[in-house]
file start-v7.txt (compact mmCIF, C-alpha atoms)
# COMPACT_ATOMS: atom_id res chain seq x y z
CA MET L 106 126.46 108.83 -44.03
CA LEU L 107 124.85 106.09 -42.01
CA ALA L 108 125.24 103.23 -44.45
CA PRO L 109 129.06 103.18 -44.70
CA VAL L 110 129.33 103.24 -40.89
CA VAL L 111 126.95 100.33 -40.50
CA ARG L 112 128.67 98.43 -43.30
CA GLU L 113 132.04 98.97 -41.62
CA ARG L 114 130.75 97.73 -38.24
CA TYR L 115 129.15 94.72 -39.83
CA THR L 116 132.37 93.79 -41.66
CA GLU L 117 134.29 94.22 -38.43
CA ALA L 118 131.84 91.96 -36.62
CA MET L 119 132.16 89.27 -39.27
CA ASN L 120 135.94 89.37 -39.07
CA CYS L 121 135.88 89.01 -35.32
CA LEU L 122 133.44 86.15 -35.62
CA THR L 123 135.97 84.03 -37.44
CA GLN L 124 139.22 85.41 -36.05
CA ASN L 125 138.88 86.02 -32.32
CA PRO L 126 135.41 85.06 -31.16
CA ALA L 127 135.87 84.59 -27.43
CA SER L 128 137.56 87.87 -26.70
CA ARG L 129 135.12 89.61 -28.99
CA VAL L 130 132.12 88.27 -27.13
CA ALA L 131 133.67 89.23 -23.82
CA ARG L 132 134.34 92.73 -25.08
CA ASP L 133 130.85 93.02 -26.55
CA LEU L 134 129.38 92.63 -23.10
CA ASP L 135 130.99 95.87 -22.02
CA MET L 136 130.39 97.71 -25.25
CA PRO L 137 128.19 100.74 -25.40
CA ARG L 138 124.74 100.06 -26.79
CA ASP L 139 125.44 101.60 -30.20
CA ARG L 140 128.36 99.22 -30.74
CA LEU L 141 126.40 96.08 -29.88
CA SER L 142 125.67 95.51 -33.49
CA LEU L 143 125.16 92.40 -35.55
CA SER L 144 128.06 90.46 -34.05
CA GLY L 145 126.51 90.57 -30.60
CA VAL L 146 123.22 89.36 -31.99
CA VAL L 147 124.87 86.56 -33.92
CA TRP L 148 126.85 85.43 -30.88
CA THR L 149 123.78 85.45 -28.69
CA LEU L 150 122.00 83.24 -31.17
CA LEU L 151 125.01 80.99 -31.56
CA ALA L 152 125.29 80.51 -27.78
CA ALA L 153 121.62 79.64 -27.60
CA LEU L 154 122.09 77.20 -30.43
CA VAL L 155 124.91 75.41 -28.63
CA VAL L 156 123.01 75.23 -25.35
CA SER L 157 119.80 74.04 -26.92
CA GLY L 158 121.17 70.68 -27.89
CA CYS L 159 119.72 68.42 -30.50
CA ALA L 160 116.17 68.58 -31.77
CA THR L 161 114.14 67.37 -34.68
CA GLY L 162 110.80 68.22 -36.22
CA ALA L 163 109.80 64.63 -35.42
CA THR L 164 109.62 65.53 -31.72
CA ARG L 165 107.14 68.27 -32.47
CA VAL L 166 105.08 66.12 -34.87
CA ALA L 167 104.90 63.19 -32.43
CA ALA L 168 103.97 65.44 -29.50
CA GLY L 169 101.35 67.22 -31.60
CA ARG L 170 99.81 63.91 -32.65
CA THR L 171 99.66 62.57 -29.09
CA ALA L 172 98.20 65.87 -27.88
CA LEU L 173 95.49 65.70 -30.54
CA GLU L 174 94.61 62.11 -29.64
CA VAL L 175 94.60 62.86 -25.89
CA GLN L 176 92.33 65.84 -26.50
CA ALA L 177 89.91 63.63 -28.46
CA ALA L 178 89.95 60.92 -25.77
CA ALA L 179 89.42 63.39 -22.93
CA ASP L 180 86.60 65.02 -24.90
CA SER L 181 84.98 61.66 -25.51
CA ALA L 182 85.27 60.76 -21.82
CA ILE L 183 83.71 64.08 -20.80
CA THR L 184 80.82 63.43 -23.20
CA ALA L 185 80.34 59.99 -21.64
CA TYR L 186 80.45 61.40 -18.10
CA GLU L 187 77.86 64.04 -19.01
CA ALA L 188 75.64 61.28 -20.39
CA LEU L 189 76.10 59.35 -17.12
CA ARG L 190 75.06 62.45 -15.21
CA ALA L 191 71.59 62.16 -16.81
CA VAL L 192 71.13 58.63 -15.46
CA ALA L 193 70.16 59.80 -11.96
CA ALA L 194 67.34 62.03 -13.22
CA ASP L 195 66.10 59.34 -15.63
CA SER L 196 66.24 56.78 -12.84
CA ALA L 197 64.28 58.99 -10.44
CA TYR L 198 61.54 59.48 -13.08
CA ASN L 199 61.45 55.82 -14.16
CA GLN L 200 61.39 54.53 -10.57
CA GLY L 201 58.63 56.97 -9.66
CA TYR L 202 56.65 55.95 -12.75
CA LEU L 203 57.04 52.27 -11.94
CA ARG L 204 56.14 52.80 -8.31
CA VAL L 205 52.86 54.44 -9.39
CA VAL L 206 51.84 51.91 -12.04
CA VAL L 207 52.48 48.81 -9.92
CA SER L 208 50.82 50.14 -6.79
CA PRO L 209 47.46 48.82 -5.60
CA GLN L 210 46.66 52.44 -4.64
CA PRO L 211 48.40 54.52 -7.35
CA ASP L 212 46.85 57.83 -6.35
CA SER L 213 48.44 57.69 -2.88
CA VAL L 214 51.97 56.73 -3.90
CA ASP L 215 54.86 58.95 -2.83
CA PHE L 216 56.82 58.72 -6.07
CA THR L 217 59.75 60.69 -4.63
CA ARG L 218 60.70 57.78 -2.38
CA VAL L 219 62.94 56.02 -4.87
CA PRO L 220 66.60 54.84 -4.86
CA ASP L 221 69.10 57.68 -5.28
CA ALA L 222 71.25 56.97 -8.33
CA SER L 223 73.18 60.24 -8.18
CA MET L 224 76.93 59.95 -8.84
CA ASN L 225 77.50 63.68 -9.21
CA ASP L 226 80.45 64.05 -6.83
CA LEU L 227 82.26 61.15 -8.52
CA LEU L 228 81.47 62.48 -11.98
CA ASP L 229 82.64 65.99 -11.02
CA THR L 230 86.09 64.64 -10.08
CA ARG L 231 86.38 62.68 -13.31
CA VAL L 232 85.17 65.52 -15.52
CA ARG L 233 87.59 67.91 -13.80
CA THR L 234 90.49 65.49 -14.35
CA CYS L 235 89.58 65.03 -18.01
CA ARG L 236 89.26 68.79 -18.53
CA LEU L 237 92.72 69.35 -17.06
CA VAL L 238 94.30 66.59 -19.14
CA LYS L 239 92.52 68.01 -22.20
CA GLU L 240 93.77 71.48 -21.32
CA SER L 241 97.36 70.28 -20.98
CA ALA L 242 97.03 68.51 -24.35
CA ALA L 243 95.63 71.68 -25.93
CA GLN L 244 98.49 73.71 -24.49
CA LEU L 245 101.04 71.23 -25.81
CA ARG L 246 99.47 71.48 -29.27
CA LEU L 247 99.76 75.25 -29.06
CA ALA L 248 103.40 74.92 -28.06
CA CYS L 249 104.03 72.58 -31.02
CA GLU L 250 102.31 75.01 -33.37
CA ALA L 251 104.30 77.93 -31.96
CA SER L 252 107.44 75.89 -32.57
CA ALA L 253 106.35 75.33 -36.16
CA ARG L 254 106.26 79.08 -36.60
CA ALA L 255 109.99 79.00 -37.23
CA GLU L 256 109.40 79.91 -40.84
CA ALA L 257 108.04 83.24 -39.65
CA VAL L 258 111.58 84.32 -38.86
CA GLN L 259 113.14 83.06 -42.04
CA SER L 260 113.16 86.65 -43.19
CA PHE L 261 115.91 87.06 -40.63
CA ALA L 262 118.17 84.67 -42.51
CA ALA L 263 117.28 86.29 -45.81
CA ALA L 264 118.01 89.75 -44.48
CA VAL L 265 121.32 88.72 -42.94
CA GLU L 266 122.29 87.10 -46.19
CA ALA L 267 121.39 90.28 -48.05
CA LEU L 268 123.55 92.26 -45.67
CA GLN L 269 126.39 89.84 -46.21
CA GLY L 270 126.22 90.45 -49.94
CA ILE L 271 126.08 94.21 -49.51
CA SER L 272 129.02 94.32 -47.12
CA ALA L 273 131.31 92.82 -49.76
CA ASP L 274 133.01 90.93 -46.94
CA THR L 275 134.12 87.70 -48.53
CA THR L 276 136.38 86.39 -45.79
CA SER L 277 133.59 84.99 -43.61
CA SER L 278 131.04 84.63 -46.33
CA VAL L 279 130.71 80.84 -46.50
CA GLU L 280 130.66 80.20 -42.76
CA PHE L 281 128.36 83.06 -42.01
CA LYS L 282 125.96 82.25 -44.80
CA LYS L 283 125.66 78.72 -43.45
CA LEU L 284 125.08 80.04 -39.96
CA ALA L 285 122.67 82.74 -41.02
CA ALA L 286 120.64 80.36 -43.16
CA ALA L 287 120.35 77.74 -40.45
CA LEU L 288 120.21 79.78 -37.30
CA PRO L 289 116.70 81.18 -36.98
CA ASN L 290 114.94 78.00 -38.05
CA ASP L 291 117.13 75.66 -36.04
CA LEU L 292 117.29 77.89 -33.04
CA THR L 293 113.54 78.12 -32.68
CA LEU L 294 113.12 74.38 -33.00
CA LEU L 295 116.09 73.41 -30.87
CA TRP L 296 115.14 75.87 -28.25
CA GLN L 297 111.83 74.14 -27.61
CA ALA L 298 112.40 70.54 -28.56
CA ARG L 299 113.65 69.28 -25.22
CA ARG L 300 110.88 70.97 -23.31
CA ILE L 301 108.29 69.68 -25.77
CA ALA L 302 109.71 66.16 -25.45
CA ARG L 303 109.52 66.40 -21.66
CA LEU L 304 105.93 67.67 -21.76
CA HIS L 305 105.08 65.00 -24.33
CA THR L 306 106.29 62.32 -21.91
CA ALA L 307 104.33 63.90 -19.04
CA LEU L 308 101.16 64.08 -21.12
CA GLY L 309 101.66 60.50 -22.29
CA ARG L 310 101.98 59.38 -18.68
CA ALA L 311 98.83 61.26 -17.65
CA ALA L 312 96.89 59.90 -20.64
CA ALA L 313 98.03 56.34 -19.91
CA GLU L 314 96.95 56.67 -16.29
CA LEU L 315 93.61 58.19 -17.27
CA GLY L 316 93.14 55.40 -19.84
CA THR L 317 93.88 52.76 -17.21
CA LEU L 318 91.39 54.31 -14.79
CA TRP L 319 88.79 54.52 -17.56
CA LYS L 320 89.29 50.88 -18.47
CA ARG L 321 89.11 49.80 -14.83
CA GLU L 322 85.91 51.78 -14.14
CA ARG L 323 84.03 51.10 -17.35
CA PRO L 324 82.50 47.79 -16.14
CA THR L 325 81.14 49.60 -13.05
CA TRP L 326 79.62 52.34 -15.22
CA GLU L 327 78.13 49.70 -17.56
CA ASP L 328 76.67 47.94 -14.54
CA TYR L 329 75.33 51.24 -13.19
CA VAL L 330 73.55 52.05 -16.47
CA LYS L 331 72.15 48.55 -16.77
CA GLY L 332 70.97 48.66 -13.14
CA ALA L 333 69.28 52.05 -13.47
CA TYR L 334 67.48 51.40 -16.77
CA ILE L 335 66.93 47.65 -16.88
CA THR L 336 67.25 45.86 -13.53
CA GLN L 337 65.59 48.48 -11.36
CA TYR L 338 63.08 49.78 -13.92
CA ALA L 339 62.40 47.84 -17.12
CA SER L 340 62.26 44.45 -15.35
CA GLY L 341 59.46 45.88 -13.19
CA LEU L 342 57.34 46.48 -16.31
CA LEU L 343 57.21 42.71 -16.79
CA ALA L 344 55.16 42.46 -13.60
CA LEU L 345 52.28 44.50 -15.08
CA ARG L 346 49.13 42.60 -16.03
CA LEU L 347 46.15 43.47 -18.25
CA SER L 348 44.25 44.56 -15.14
CA ASN L 349 46.76 47.39 -14.72
CA PHE L 350 45.75 48.91 -18.07
CA ASP L 351 42.79 50.87 -19.36
CA GLU L 352 41.79 48.87 -22.48
CA ASN L 353 40.57 51.90 -24.45
CA GLU L 354 43.75 53.86 -23.77
CA LEU L 355 45.80 50.74 -24.53
CA SER L 356 44.10 50.43 -27.96
CA ARG L 357 45.04 54.02 -28.73
CA LYS L 358 48.67 53.43 -27.81
CA VAL L 359 49.04 50.05 -29.58
CA ALA L 360 47.59 50.08 -33.09
CA ASP L 361 48.35 46.43 -33.90
CA PRO L 362 45.19 44.30 -34.40
CA TYR L 363 45.42 42.02 -31.41
CA HIS L 364 43.23 41.35 -28.42
CA PRO L 365 43.83 43.43 -25.27
CA GLY L 366 46.12 40.87 -23.61
CA VAL L 367 48.53 40.96 -26.55
CA LYS L 368 48.27 44.75 -26.74
CA ALA L 369 49.30 44.91 -23.06
CA GLY L 370 52.30 42.71 -23.80
CA LEU L 371 53.24 44.85 -26.83
CA PHE L 372 52.93 48.05 -24.81
CA LYS L 373 55.27 46.62 -22.17
CA LEU L 374 57.65 45.64 -24.97
CA GLN L 375 57.62 49.25 -26.27
CA LYS L 376 58.42 50.63 -22.82
CA PHE L 377 61.10 47.99 -22.28
CA HIS L 378 62.61 48.83 -25.68
CA GLU L 379 62.69 52.56 -24.82
CA ALA L 380 64.60 51.78 -21.62
CA VAL L 381 67.06 49.53 -23.48
CA ARG L 382 67.64 52.23 -26.09
CA SER L 383 68.28 54.86 -23.43
CA ALA L 384 70.83 52.55 -21.80
CA ASP L 385 72.41 51.76 -25.18
CA THR L 386 72.83 55.46 -26.01
CA ILE L 387 74.94 55.89 -22.89
CA ARG L 388 76.80 52.62 -23.39
CA LEU L 389 77.71 53.77 -26.91
CA LYS L 390 79.37 56.86 -25.45
CA LEU L 391 81.28 54.67 -22.98
CA ARG L 392 82.48 52.49 -25.85
CA GLN L 393 83.47 55.50 -27.97
CA ALA L 394 85.55 56.88 -25.11
CA SER L 395 87.29 53.49 -24.71
CA GLU L 396 88.10 53.48 -28.42
CA ALA L 397 89.43 57.05 -28.22
CA PHE L 398 91.76 56.05 -25.36
CA GLU L 399 92.97 53.04 -27.35
CA ARG L 400 93.86 55.31 -30.30
CA ILE L 401 96.37 57.35 -28.27
CA SER L 402 99.90 56.77 -29.49
CA LEU L 403 102.02 57.15 -26.40
CA PRO L 404 105.60 58.48 -26.57
CA GLN L 405 108.24 55.79 -26.86
CA ALA L 406 110.00 55.07 -23.59
CA PRO L 407 113.69 56.04 -23.82
CA VAL L 408 115.89 53.09 -24.77
CA THR L 409 118.06 52.15 -21.83
CA GLY L 410 121.64 51.13 -22.51
CA THR L 411 121.71 47.37 -22.73
CA SER L 412 124.80 45.29 -22.90
CA GLN L 413 125.41 43.49 -26.14
CA GLU L 414 127.96 41.17 -24.63
CA GLU L 415 127.57 37.57 -25.48
CA MET A 1160 87.99 34.66 -7.21
CA ARG A 1161 85.18 37.18 -6.90
CA SER A 1162 85.42 39.74 -4.11
CA THR A 1163 82.83 39.87 -1.34
CA LYS A 1164 81.67 43.22 -2.70
CA ALA A 1165 81.14 41.79 -6.19
CA THR A 1166 79.25 38.80 -4.78
CA LEU A 1167 77.08 41.08 -2.64
CA LEU A 1168 76.38 43.34 -5.63
CA GLN A 1169 75.40 40.41 -7.80
CA SER A 1170 73.07 38.87 -5.24
CA THR A 1171 71.42 42.24 -4.49
CA GLN A 1172 70.80 42.81 -8.20
CA ALA A 1173 69.34 39.30 -8.45
CA ALA A 1174 67.00 40.08 -5.55
CA ILE A 1175 65.90 43.33 -7.25
CA ARG A 1176 65.20 41.50 -10.52
CA ALA A 1177 63.20 38.81 -8.70
CA TYR A 1178 61.17 41.36 -6.75
CA ASN A 1179 60.54 43.53 -9.81
CA SER A 1180 59.35 40.59 -11.94
CA ASN A 1181 56.67 39.81 -9.35
CA ARG A 1182 56.16 43.29 -8.01
CA VAL A 1183 52.45 43.70 -8.81
CA ARG A 1184 51.52 40.37 -7.22
CA LEU A 1185 53.71 40.92 -4.15
CA LEU A 1186 52.24 44.37 -3.55
CA GLN A 1187 48.70 43.06 -3.91
CA GLU A 1188 49.44 40.32 -1.37
CA ALA A 1189 50.99 42.89 0.99
CA GLU A 1190 47.93 45.09 0.70
CA ALA A 1191 45.63 42.15 1.35
CA SER A 1192 47.58 41.15 4.45
CA GLY A 1193 48.59 44.50 5.98
CA GLY A 1194 47.03 47.32 3.98
CA ALA A 1195 48.82 50.46 2.75
CA GLU A 1196 51.44 50.29 5.51
CA ALA A 1197 52.57 46.83 4.46
CA VAL A 1198 52.78 48.01 0.82
CA ALA A 1199 54.88 51.06 1.83
CA ALA A 1200 57.16 48.88 3.98
CA LEU A 1201 57.72 46.45 1.11
CA GLU A 1202 58.48 49.26 -1.32
CA ASP A 1203 60.89 50.79 1.20
CA GLU A 1204 62.72 47.45 1.39
CA PHE A 1205 63.00 47.56 -2.36
CA ASN A 1206 64.36 51.13 -2.21
CA ALA A 1207 66.94 50.00 0.31
CA LEU A 1208 68.10 47.28 -2.08
CA GLY A 1209 68.35 49.82 -4.92
CA ASN A 1210 70.29 52.23 -2.73
CA ALA A 1211 72.60 49.41 -1.62
CA VAL A 1212 73.49 48.65 -5.24
CA PHE A 1213 74.29 52.29 -6.01
CA ALA A 1214 76.28 52.58 -2.76
CA LEU A 1215 78.39 49.53 -3.68
CA GLN A 1216 79.04 51.00 -7.13
CA ARG A 1217 79.97 54.36 -5.60
CA ALA A 1218 82.39 52.64 -3.21
CA THR A 1219 84.04 50.80 -6.12
CA LEU A 1220 84.50 54.07 -8.02
CA ARG A 1221 85.62 56.01 -4.96
CA ARG A 1222 88.54 53.60 -4.52
CA ASN A 1223 90.30 55.35 -7.43
CA HIS A 1224 89.94 58.87 -6.06
CA ARG A 1225 93.50 59.15 -4.79
CA GLN A 1226 94.73 58.46 -8.31
CA TYR A 1227 92.45 61.16 -9.73
CA ALA A 1228 93.77 63.62 -7.16
CA SER A 1229 97.38 62.96 -8.19
CA LEU A 1230 96.40 63.08 -11.85
CA ILE A 1231 94.75 66.47 -11.30
CA ALA A 1232 97.91 67.77 -9.60
CA ALA A 1233 100.12 66.43 -12.41
CA SER A 1234 97.86 67.95 -15.08
CA VAL A 1235 97.83 71.36 -13.38
CA GLU A 1236 101.64 71.25 -13.31
CA ALA A 1237 101.76 70.21 -16.99
CA VAL A 1238 99.45 73.06 -17.99
CA THR A 1239 101.64 75.55 -16.10
CA GLN A 1240 104.83 74.20 -17.69
CA THR A 1241 103.35 74.24 -21.19
CA ARG A 1242 102.01 77.77 -20.79
CA ARG A 1243 105.48 78.85 -19.70
CA LEU A 1244 106.94 77.18 -22.78
CA ILE A 1245 104.42 78.97 -25.01
CA ASP A 1246 105.16 82.31 -23.35
CA ASP A 1247 108.90 81.72 -23.75
CA SER A 1248 108.38 80.71 -27.39
CA ALA A 1249 106.34 83.81 -28.07
CA LEU A 1250 109.04 85.91 -26.46
CA GLY A 1251 111.79 84.18 -28.45
CA LEU A 1252 109.88 84.56 -31.68
CA ALA A 1253 109.19 88.21 -30.90
CA VAL A 1254 112.93 88.74 -30.36
CA LEU A 1255 113.78 86.99 -33.60
CA ASP A 1256 111.04 88.86 -35.47
CA GLY A 1257 112.36 92.11 -34.05
CA MET A 1258 115.87 91.22 -35.10
CA ALA A 1259 114.67 90.31 -38.57
CA ALA A 1260 112.93 93.67 -38.86
CA ALA A 1261 116.02 95.50 -37.62
CA VAL A 1262 118.34 93.67 -40.00
CA THR A 1263 115.97 94.25 -42.92
CA LEU A 1264 115.93 97.94 -42.10
CA LEU A 1265 119.72 97.99 -41.95
CA GLY A 1266 119.84 96.32 -45.35
CA ARG A 1267 117.54 98.97 -46.80
CA LEU A 1268 119.63 101.74 -45.29
CA LEU A 1269 122.77 100.20 -46.73
CA LEU A 1270 121.18 100.00 -50.16
CA LEU A 1271 120.10 103.63 -49.88
CA GLY A 1272 123.61 104.64 -48.77
CA ARG A 1273 125.31 103.06 -51.75

call {"tool": "encode", "arguments": {"input": "start-v7.txt", "output": "structure tokens"}}
result
Amino acid sequence: MLAPVVRERYTEAMNCLTQNPASRVARDLDMPRDRLSLSGVVWTLLAALVVSGCATGATRVAAGRTALEVQAAADSAITAYEALRAVAADSAYNQGYLRVVVSPQPDSVDFTRVPDASMNDLLDTRVRTCRLVKESAAQLRLACEASARAEAVQSFAAAVEALQGISADTTSSVEFKKLAAALPNDLTLLWQARRIARLHTALGRAAAELGTLWKRERPTWEDYVKGAYITQYASGLLALRLSNFDENELSRKVADPYHPGVKAGLFKLQKFHEAVRSADTIRLKLRQASEAFERISLPQAPVTGTSQEE
Amino acid sequence: MRSTKATLLQSTQAAIRAYNSNRVRLLQEAEASGGAEAVAALEDEFNALGNAVFALQRATLRRNHRQYASLIAASVEAVTQTRRLIDDSALGLAVLDGMAAAVTLLGRLLLLGR
């Protein structure tokens, strides 16, 4: 008994859809719940479709790409900042070491009295900013992926189309089939496209600003690393003389067949090289972050109406 | 034109390099002239130079903090907006999924009723 009733209501809804839509929608609002059948649903979707405006998959793809690139850049910057965080501890050890080995009375040196290279408060702010930008990029990617889930509701179109066939209502068949086929997919995309575009612009602006700050500060960080590892530490190794070394221990550390003076020079070279490599490891991370920021494809600025008058 | 801060930073770093390159000899001379106290005083001067360099670098970086603060605020707002969009999307998709299920069920009932 149920099927003929439903079929009748569906046919009625389809007729109203093409014949007298406005009054039908108005009446539907006051209808009892059991009469708010397919026509109400279709009109709700149609209204949403009209309001949603124009959208394309390109918006979602472009926003998703920018979000991915921003995430990579923020990640790379966080890695670099964490590497910079290690500089202070390395500097404290290296300075203490140097202070002992150059001292005329090494056993009485207070190796804790060394320059404080800590930048933790500054790094905390930068890491927090990068994490938030990364989080907003991750959220935008999720939103883009959710938008791409439109195909998950394609069964809606298929089911409506099946109903259309069953109802044997041919009067609205062409129009409704077009609407039913397009509605779920378009609606989902259109619904979100403007908001995604707006968030894409906001993320692009944040990424550009973060990139500018990174570019502006990189020379200072480079200088900081060079100062901590080379200027304030490794250059001090050059001051050591053979008299600072134990020749037997030096022979064990440097296997090359040279006299003690050369071995002392080679040992200093090894230590200098270690310091340079430590600095280079951090500099590499700084460079990688710069490259990641350069790879970000920012959203195109909207084209402003320009006069073509000659 | 280089800023005063940049010039100061450069000359301090040059002083550190010069001291470090001759550090053993300078400390030996200090010990010969004034003992352990003179050595400690010299090393403290060196520490002060090192600290001055780091302080200048910190000041340079701290100049951008207002921009980071506004960037943090903007990012928090963006995260909130995007989460809202995702929640709305999930809700919309749930509605559409529900409708699809309902319509499919209706179709089955109609087929059964034929």

call {"tool": "atom_distance", "arguments": {"input": "start-v7.txt", "atom1": "atom CA of A:Asp1203", "atom2": "atom CA of L:Arg218"}}
result
7.9 Å

call {"tool": "atom_distance", "arguments": {"input": "start-v7.txt", "atom1": "atom CA of L:Thr306", "atom2": "atom CA of A:Leu1220"}}
result
27.1 Å

call {"tool": "residues_around", "arguments": {"input": "start-v7.txt", "residues": "L:Glu174", "least_positions_apart": "4", "cutoff": "12 Å", "atoms": "all atoms listed in the file", "output": "ChimeraX atom specification"}}
result
/L:167-170,178-181,238-239,242-243,245-246,308-309,312-313,316,394,396-404

call {"tool": "write_last_selection", "arguments": {"input": "start-v7.txt", "atoms": "C-alpha atoms", "output": "short mmCIF file (atom, residue, chain, number, x, y, z; two decimals), keeping the file's coordinate frame"}}
result
data_model
loop_
_atom_site.label_atom_id
_atom_site.label_comp_id
_atom_site.auth_asym_id
_atom_site.auth_seq_id
_atom_site.Cartn_x
_atom_site.Cartn_y
_atom_site.Cartn_z
CA ALA L 167 104.90 63.19 -32.43
CA ALA L 168 103.97 65.44 -29.50
CA GLY L 169 101.35 67.22 -31.60
CA ARG L 170 99.81 63.91 -32.65
CA ALA L 178 89.95 60.92 -25.77
CA ALA L 179 89.42 63.39 -22.93
CA ASP L 180 86.60 65.02 -24.90
CA SER L 181 84.98 61.66 -25.51
CA VAL L 238 94.30 66.59 -19.14
CA LYS L 239 92.52 68.01 -22.20
CA ALA L 242 97.03 68.51 -24.35
CA ALA L 243 95.63 71.68 -25.93
CA LEU L 245 101.04 71.23 -25.81
CA ARG L 246 99.47 71.48 -29.27
CA LEU L 308 101.16 64.08 -21.12
CA GLY L 309 101.66 60.50 -22.29
CA ALA L 312 96.89 59.90 -20.64
CA ALA L 313 98.03 56.34 -19.91
CA GLY L 316 93.14 55.40 -19.84
CA ALA L 394 85.55 56.88 -25.11
CA GLU L 396 88.10 53.48 -28.42
CA ALA L 397 89.43 57.05 -28.22
CA PHE L 398 91.76 56.05 -25.36
CA GLU L 399 92.97 53.04 -27.35
CA ARG L 400 93.86 55.31 -30.30
CA ILE L 401 96.37 57.35 -28.27
CA SER L 402 99.90 56.77 -29.49
CA LEU L 403 102.02 57.15 -26.40
CA PRO L 404 105.60 58.48 -26.57
#

call {"tool": "closest_residue", "arguments": {"input": "start-v7.txt", "among": "L:Phe377, L:Phe350, L:Tyr186, L:Tyr329", "to": "chain A", "atoms": "all atoms listed in the file"}}
result
L:Tyr329

call {"tool": "closest_residue", "arguments": {"input": "start-v7.txt", "among": "L:Asp212, L:Ile387, L:Val367, L:Cys249", "to": "L:Asp195", "atoms": "all atoms listed in the file"}}
result
L:Ile387

call {"tool": "atom_distance", "arguments": {"input": "start-v7.txt", "atom1": "atom CA of L:Pro220", "atom2": "atom CA of L:Val381"}}
result
19.4 Å

call {"tool": "axis_aligned_box", "arguments": {"input": "start-v7.txt", "around": "stretch 1163-1178 of chain A", "padding_each_side": "4 Å", "output": "JSON"}}
result
{"center_x": 72.0, "center_y": 41.1, "center_z": -5.9, "size_x": 29.7, "size_y": 12.5, "size_z": 17.2}

call {"tool": "closest_residue", "arguments": {"input": "start-v7.txt", "among": "A:Thr1219, A:Asn1206, A:Ser1229, A:Leu1186", "to": "L:Arg321", "atoms": "only C-alpha atoms"}}
result
A:Thr1219

call {"tool": "closest_residue", "arguments": {"input": "start-v7.txt", "among": "L:Arg204, L:Arg310, L:Lys376, L:Arg388", "to": "L:Asp328", "atoms": "all atoms listed in the file"}}
result
L:Arg388

call {"tool": "residues_near_point", "arguments": {"input": "start-v7.txt", "point": "(83.0, 63.9, -22.1)", "cutoff": "10 Å", "atoms": "only C-alpha atoms", "output": "PyMOL selection string"}}
result
chain L and resi 177-189+231-232+235-236+390-391+394

call {"tool": "closest_residue", "arguments": {"input": "start-v7.txt", "among": "L:Leu247, L:Leu315, L:Leu227, L:Val175", "to": "A:Ala1233", "atoms": "all atoms listed in the file"}}
result
L:Leu315

call {"tool": "residues_around", "arguments": {"input": "start-v7.txt", "residues": "stretch 353-363 of chain L", "least_positions_apart": "5", "cutoff": "7 Å", "atoms": "all atoms listed in the file", "output": "list in words"}}
result
Lys368, Ala369 and Phe372 of chain L

call {"tool": "residues_around", "arguments": {"input": "start-v7.txt", "residues": "L:Leu342", "least_positions_apart": "6", "cutoff": "10 Å", "atoms": "all atoms listed in the file", "output": "list in words"}}
result
Leu203, Val206, Val207, Ile335, Gly370, Phe372, Lys373, Leu374, Lys376 and Phe377 of chain L; Asn1179, Ser1180, Asn1181, Arg1182 and Val1183 of chain A

call {"tool": "closest_residue", "arguments": {"input": "start-v7.txt", "among": "L:Asp221, L:Glu379, L:Glu240, L:Glu327", "to": "A:Thr1239", "atoms": "all atoms listed in the file"}}
result
L:Glu240

call {"tool": "residues_around", "arguments": {"input": "start-v7.txt", "residues": "A:Val1238", "least_positions_apart": "2", "cutoff": "8 Å", "atoms": "all atoms listed in the file", "output": "NGL selection string"}}
result
(:L and (237 or 240-241 or 244)) or (:A and (1234-1236 or 1240-1242))

call {"tool": "build_atoms", "arguments": {"input": "start-v7.txt", "residues": "stretch 334-341 of chain L", "atoms": "N, CA and C atoms", "output": "PDB file, keeping the file's coordinate frame"}}
result
ATOM      1  N   TYR L 334      68.495  51.458 -15.703  1.00  0.00           N
ATOM      2  CA  TYR L 334      67.480  51.400 -16.770  1.00  0.00           C
ATOM      3  C   TYR L 334      66.768  50.047 -16.882  1.00  0.00           C
ATOM      4  N   ILE L 335      67.523  48.981 -16.634  1.00  0.00           N
ATOM      5  CA  ILE L 335      66.930  47.650 -16.880  1.00  0.00           C
ATOM      6  C   ILE L 335      66.528  46.953 -15.567  1.00  0.00           C
ATOM      7  N   THR L 336      67.534  46.672 -14.725  1.00  0.00           N
ATOM      8  CA  THR L 336      67.250  45.860 -13.530  1.00  0.00           C
ATOM      9  C   THR L 336      66.232  46.522 -12.608  1.00  0.00           C
ATOM     10  N   GLN L 337      66.462  47.826 -12.355  1.00  0.00           N
ATOM     11  CA  GLN L 337      65.590  48.480 -11.360  1.00  0.00           C
ATOM     12  C   GLN L 337      64.323  49.078 -11.971  1.00  0.00           C
ATOM     13  N   TYR L 338      64.288  49.198 -13.316  1.00  0.00           N
ATOM     14  CA  TYR L 338      63.080  49.780 -13.920  1.00  0.00           C
ATOM     15  C   TYR L 338      62.402  48.827 -14.912  1.00  0.00           C
ATOM     16  N   ALA L 339      63.074  48.577 -16.039  1.00  0.00           N
ATOM     17  CA  ALA L 339      62.400  47.840 -17.120  1.00  0.00           C
ATOM     18  C   ALA L 339      61.925  46.462 -16.673  1.00  0.00           C
ATOM     19  N   SER L 340      62.690  45.792 -15.797  1.00  0.00           N
ATOM     20  CA  SER L 340      62.260  44.450 -15.350  1.00  0.00           C
ATOM     21  C   SER L 340      60.959  44.532 -14.555  1.00  0.00           C
ATOM     22  N   GLY L 341      60.710  45.694 -13.945  1.00  0.00           N
ATOM     23  CA  GLY L 341      59.460  45.880 -13.190  1.00  0.00           C
ATOM     24  C   GLY L 341      58.249  45.970 -14.112  1.00  0.00           C
TER      25      GLY L 341
END
